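**Q** The following file, data.cif, comprises mmCIF, C-alpha atoms:
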```
data_upload
loop_
_atom_site.label_atom_id
_atom_site.label_comp_id
_atom_site.auth_asym_id
_atom_site.auth_seq_id
_atom_site.Cartn_x
_atom_site.Cartn_y
_atom_site.Cartn_z
CA MET K 41 0.00 0.00 0.00
CA ASN K 42 1.31 3.44 -0.91
CA VAL K 43 0.33 6.50 1.13
CA GLN K 44 0.54 10.13 0.05
CA ILE K 45 2.68 12.23 2.40
CA LYS K 46 3.82 15.84 2.24
CA LEU K 47 6.84 17.15 4.14
CA ILE K 48 6.48 20.69 5.50
CA ASP K 49 10.27 21.11 5.75
CA PRO K 50 11.90 19.04 2.99
CA SER K 51 15.33 19.36 4.66
CA LEU K 52 14.18 16.74 7.20
CA PRO K 53 14.04 13.05 6.27
CA LEU K 54 10.94 11.24 5.14
CA PRO K 55 9.57 9.05 7.96
CA ALA K 56 11.13 5.61 7.75
CA TYR K 57 11.01 2.14 9.25
CA GLN K 58 14.31 1.70 11.11
CA THR K 59 14.55 -2.10 10.77
CA ALA K 60 13.07 -4.81 8.56
CA GLY K 61 10.89 -5.91 11.50
CA SER K 62 9.62 -2.46 12.49
CA VAL K 63 5.83 -2.12 12.43
CA ALA K 64 5.89 1.65 12.89
CA PHE K 65 7.96 4.37 11.24
CA ASP K 66 9.73 7.13 13.14
CA LEU K 67 8.49 10.71 13.05
CA TYR K 68 10.66 13.79 13.52
CA SER K 69 10.17 17.10 15.27
CA ARG K 70 10.06 19.91 12.72
CA ILE K 71 11.31 22.52 15.20
CA ASP K 72 13.43 23.07 18.28
CA ILE K 73 11.02 23.32 21.20
CA GLU K 74 11.11 23.35 24.99
CA VAL K 75 8.57 21.62 27.20
CA ALA K 76 8.25 23.22 30.63
CA PRO K 77 7.90 20.93 33.67
CA LYS K 78 4.43 19.44 34.12
CA SER K 79 3.18 21.00 30.89
CA ILE K 80 2.03 20.02 27.41
CA VAL K 81 3.20 21.26 24.02
CA LEU K 82 2.15 20.27 20.54
CA VAL K 83 5.21 19.27 18.54
CA PRO K 84 4.84 19.57 14.75
CA LEU K 85 5.93 16.33 13.07
CA ASN K 86 6.61 17.79 9.63
CA ILE K 87 4.05 15.70 7.74
CA ILE K 88 0.62 15.91 6.21
CA VAL K 89 -0.74 12.44 5.47
CA LYS K 90 -3.57 11.20 3.26
CA THR K 91 -4.78 8.23 5.31
CA PRO K 92 -6.27 5.62 2.96
CA GLU K 93 -9.95 4.78 3.20
CA GLY K 94 -10.51 1.90 5.61
CA TYR K 95 -7.45 2.80 7.72
CA VAL K 96 -6.56 4.92 10.70
CA PHE K 97 -3.17 6.58 11.12
CA LEU K 98 -2.01 6.18 14.73
CA ILE K 99 0.70 8.21 16.44
CA SER K 100 2.40 6.92 19.58
CA PRO K 101 5.58 7.85 21.44
CA ARG K 102 8.82 6.09 20.65
CA SER K 103 9.37 3.45 23.33
CA SER K 104 12.40 5.27 24.74
CA LEU K 105 10.75 8.69 25.03
CA ALA K 106 9.75 8.45 28.70
CA LYS K 107 13.07 7.04 29.89
CA LYS K 108 15.38 9.19 27.77
CA LYS K 109 13.44 12.47 27.65
CA GLY K 110 10.95 12.42 30.53
CA LEU K 111 8.04 12.82 28.13
CA PHE K 112 4.71 11.01 27.75
CA GLN K 113 2.21 11.42 24.97
CA GLY K 114 -0.34 13.71 26.59
CA ASN K 115 -3.34 12.14 24.86
CA HIS K 116 -1.81 8.62 25.08
CA ILE K 117 -2.45 7.86 21.43
CA GLY K 118 -3.00 10.09 18.45
CA VAL K 119 -5.78 9.18 16.05
CA ILE K 120 -5.40 10.81 12.65
CA ASP K 121 -8.67 10.62 10.73
CA GLN K 122 -8.95 9.94 7.01
CA ASP K 123 -10.16 13.47 6.28
CA TYR K 124 -7.37 15.26 8.19
CA CYS K 125 -5.21 15.91 5.17
CA GLY K 126 -5.60 19.52 4.06
CA GLU K 127 -2.68 21.79 3.22
CA SER K 128 -2.47 23.04 6.84
CA ASP K 129 -3.26 19.73 8.59
CA GLU K 130 0.24 18.98 9.89
CA VAL K 131 0.34 15.99 12.23
CA LEU K 132 1.19 17.06 15.79
CA PHE K 133 2.53 15.15 18.77
CA CYS K 134 1.07 16.02 22.18
CA ALA K 135 4.13 15.93 24.50
CA TYR K 136 3.71 16.04 28.29
CA ASN K 137 6.80 16.67 30.44
CA PHE K 138 6.40 14.72 33.67
CA THR K 139 9.76 15.85 35.08
CA ASP K 140 10.70 18.88 37.17
CA GLU K 141 13.12 20.14 34.50
CA ILE K 142 12.70 21.77 31.10
CA VAL K 143 12.93 19.16 28.33
CA ARG K 144 14.37 20.22 24.99
CA ILE K 145 13.36 18.60 21.73
CA GLU K 146 15.63 19.33 18.80
CA LYS K 147 14.62 19.81 15.19
CA GLY K 148 15.02 16.46 13.44
CA GLU K 149 14.82 14.44 16.67
CA ARG K 150 12.80 11.22 16.41
CA ILE K 151 10.14 11.49 19.11
CA ALA K 152 7.11 9.60 17.83
CA GLN K 153 6.15 6.71 15.60
CA GLY K 154 3.29 6.18 13.20
CA MET K 155 1.43 3.19 11.87
CA PHE K 156 -1.59 2.47 9.72
CA LEU K 157 -4.19 0.00 10.95
CA PRO K 158 -7.33 -1.19 9.18
CA VAL K 159 -10.61 -0.04 10.70
CA GLU K 160 -14.21 -0.76 9.99
CA LYS K 161 -17.09 1.57 10.73
CA VAL K 162 -20.00 -0.07 12.46
CA GLY K 163 -23.65 0.71 12.89
CA LEU K 164 -24.61 1.49 16.48
CA ILE K 165 -27.98 0.09 17.52
CA GLN K 166 -29.54 1.34 20.74
CA VAL K 167 -31.15 -1.36 22.88
CA GLU K 168 -33.06 -1.22 26.17
CA LYS K 169 -31.32 -4.25 27.73
CA MET K 170 -28.20 -6.29 27.06
CA ASP K 171 -28.55 -10.07 26.75
CA ASP K 172 -25.37 -11.24 28.51
CA LYS K 173 -24.82 -11.51 32.28
CA ASN K 174 -22.52 -9.04 34.03
CA ARG K 175 -18.88 -10.01 33.95
CA GLY K 176 -17.89 -7.66 36.71
CA GLY K 177 -16.37 -4.23 36.80
CA PHE K 178 -13.25 -2.49 35.62
CA GLY K 179 -10.30 -4.85 36.12
CA SER K 180 -12.61 -7.63 37.28
CA THR K 181 -10.48 -10.47 35.93
CA GLY K 182 -7.57 -9.71 38.19
#
```
Please express the file's structure as structure tokens.
**A**
Amino acid sequence: MNVQIKLIDPSLPLPAYQTAGSVAFDLYSRIDIEVAPKSIVLVPLNIIVKTPEGYVFLISPRSSLAKKKGLFQGNHIGVIDQDYCGESDEVLFCAYNFTDEIVRIEKGERIAQGMFLPVEKVGLIQVEKMDDKNRGGFGSTG
């Protein structure tokens, strides 16, 4: 499957899979930016993507981001819809600094990863009662 992608700053590399077994490709910060302690910033990732019909484009942090930088993804996962692909629809990464120090992200630094997953829209049918017995509550299986 081929996906249309536009780079905002063509001096930065195209997102790429780092190994033959990678299931997600790395995404780069387009700018130098500082994240104040206990705060959130939106980091531009330098891409506009035309997500194919029947797919969702997901953004997640690189696995080393928390340990190496002290950053979490503020919204935990980024869902990029199929119709978010206009000329100004740059993909952003919501970075939360959980440390007590300023965290610096450098232009060109790999901070996130993206992947395409198939999705199917469903019809939602309202009912008055569910047929199955209760299984329990949140975390009920241990």
**Q** What gap, in Å, lies between CA of Phe138 in chain K and CA of Phe178 in chain K?
**A** 26.2 Å
**Q** Using all atoms listed in the file, which of K:Ile145, K:Leu85, K:Cys125, K:Ile48 sits nearest Asp72 in chain K?
**A**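 Looking at the shortest contact to Asp72 in chain K, the residue is K:Ile145.
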**Q** With only C-alpha atoms as the atoms that count, which of K:Ser104, K:Ser128, K:Asn137, K:Asn174 lies nearest to Ile88 in chain K?
**A**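 The shortest atom-to-atom distance to Ile88 in chain K comes from K:Ser128.
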**Q** Can you pull out the residues contacting Val43 in chain K? Cut-off 9 Å, using only C-alpha atoms, and skip same-chain residues under 2 positions away; I want them as a list in words.
**A**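 Listed by chain and then number, they are Met41, Ile45, Val89, Lys90, Thr91 and Pro92 of chain K.
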**Q** Ranking K:Glu130, K:Glu160, K:Asp123, K:Glu146 by minimum distance to Asn86 in chain K and counting only C-alpha atoms, which one comes first?
**A**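 Between K:Glu130, K:Glu160, K:Asp123, K:Glu146, the residue approaching Asn86 in chain K most closely is K:Glu130.
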**Q** To one decimal place, how far is CA of Tyr124 in chain K from CA of Gly154 in chain K in Å?
**A**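 Computed distance, CA of Tyr124 in chain K to CA of Gly154 in chain K, equals 14.9 Å.
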**Q** Is there a way to get, as a list of chain:residue names, all residues within 9 Å of the point (7.0, 17.1, 31.5) in file coordinates, counting only C-alpha atoms?
**A**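 The residues that fall inside the cut-off are K:Val75, K:Ala76, K:Pro77, K:Lys78, K:Ser79, K:Ile80, K:Lys109, K:Gly110, K:Leu111, K:Phe112, K:Ala135, K:Tyr136, K:Asn137, K:Phe138, K:Thr139, K:Asp140, K:Glu141, K:Ile142, K:Val143.
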**Q** Mind giving me the straight-line distance from CA of Leu157 in chain K to CA of Asp66 in chain K in Å, one decimal?
**A**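 Calculated distance between CA of Leu157 in chain K and CA of Asp66 in chain K is 15.8 Å.
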**Q** Looking at K:Lys46, K:Val81, K:Glu74, K:Val131, which one is nearest to Val119 in chain K, with distances taken over only C-alpha atoms?
**A**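 Under the stated criterion, the closest residue is K:Val131.
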**Q** Tell me which protein, DNA and RNA residues are within 9 Å of Met155 in chain K, counting all atoms listed in the file, leaving out same-chain ones fewer than 5 positions away, and put them as a ChimeraX atom specification.
**A** /K:63-65,96-100
**Q** Between K:Asn115, K:Gln166, K:Gln122, K:Ser103, single out the one closest to Ile151 in chain K, counting only C-alpha atoms.
**A**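 Ranked by minimum distance to Ile151 in chain K, first place goes to K:Ser103.
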**Q** Would you please work out which residue, of K:Pro84, K:Gly176, K:Pro55, K:Gly126, is nearest to Ser69 in chain K when using all atoms listed in the file?
**A**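 Of all the options, K:Pro84 lies closest to Ser69 in chain K.
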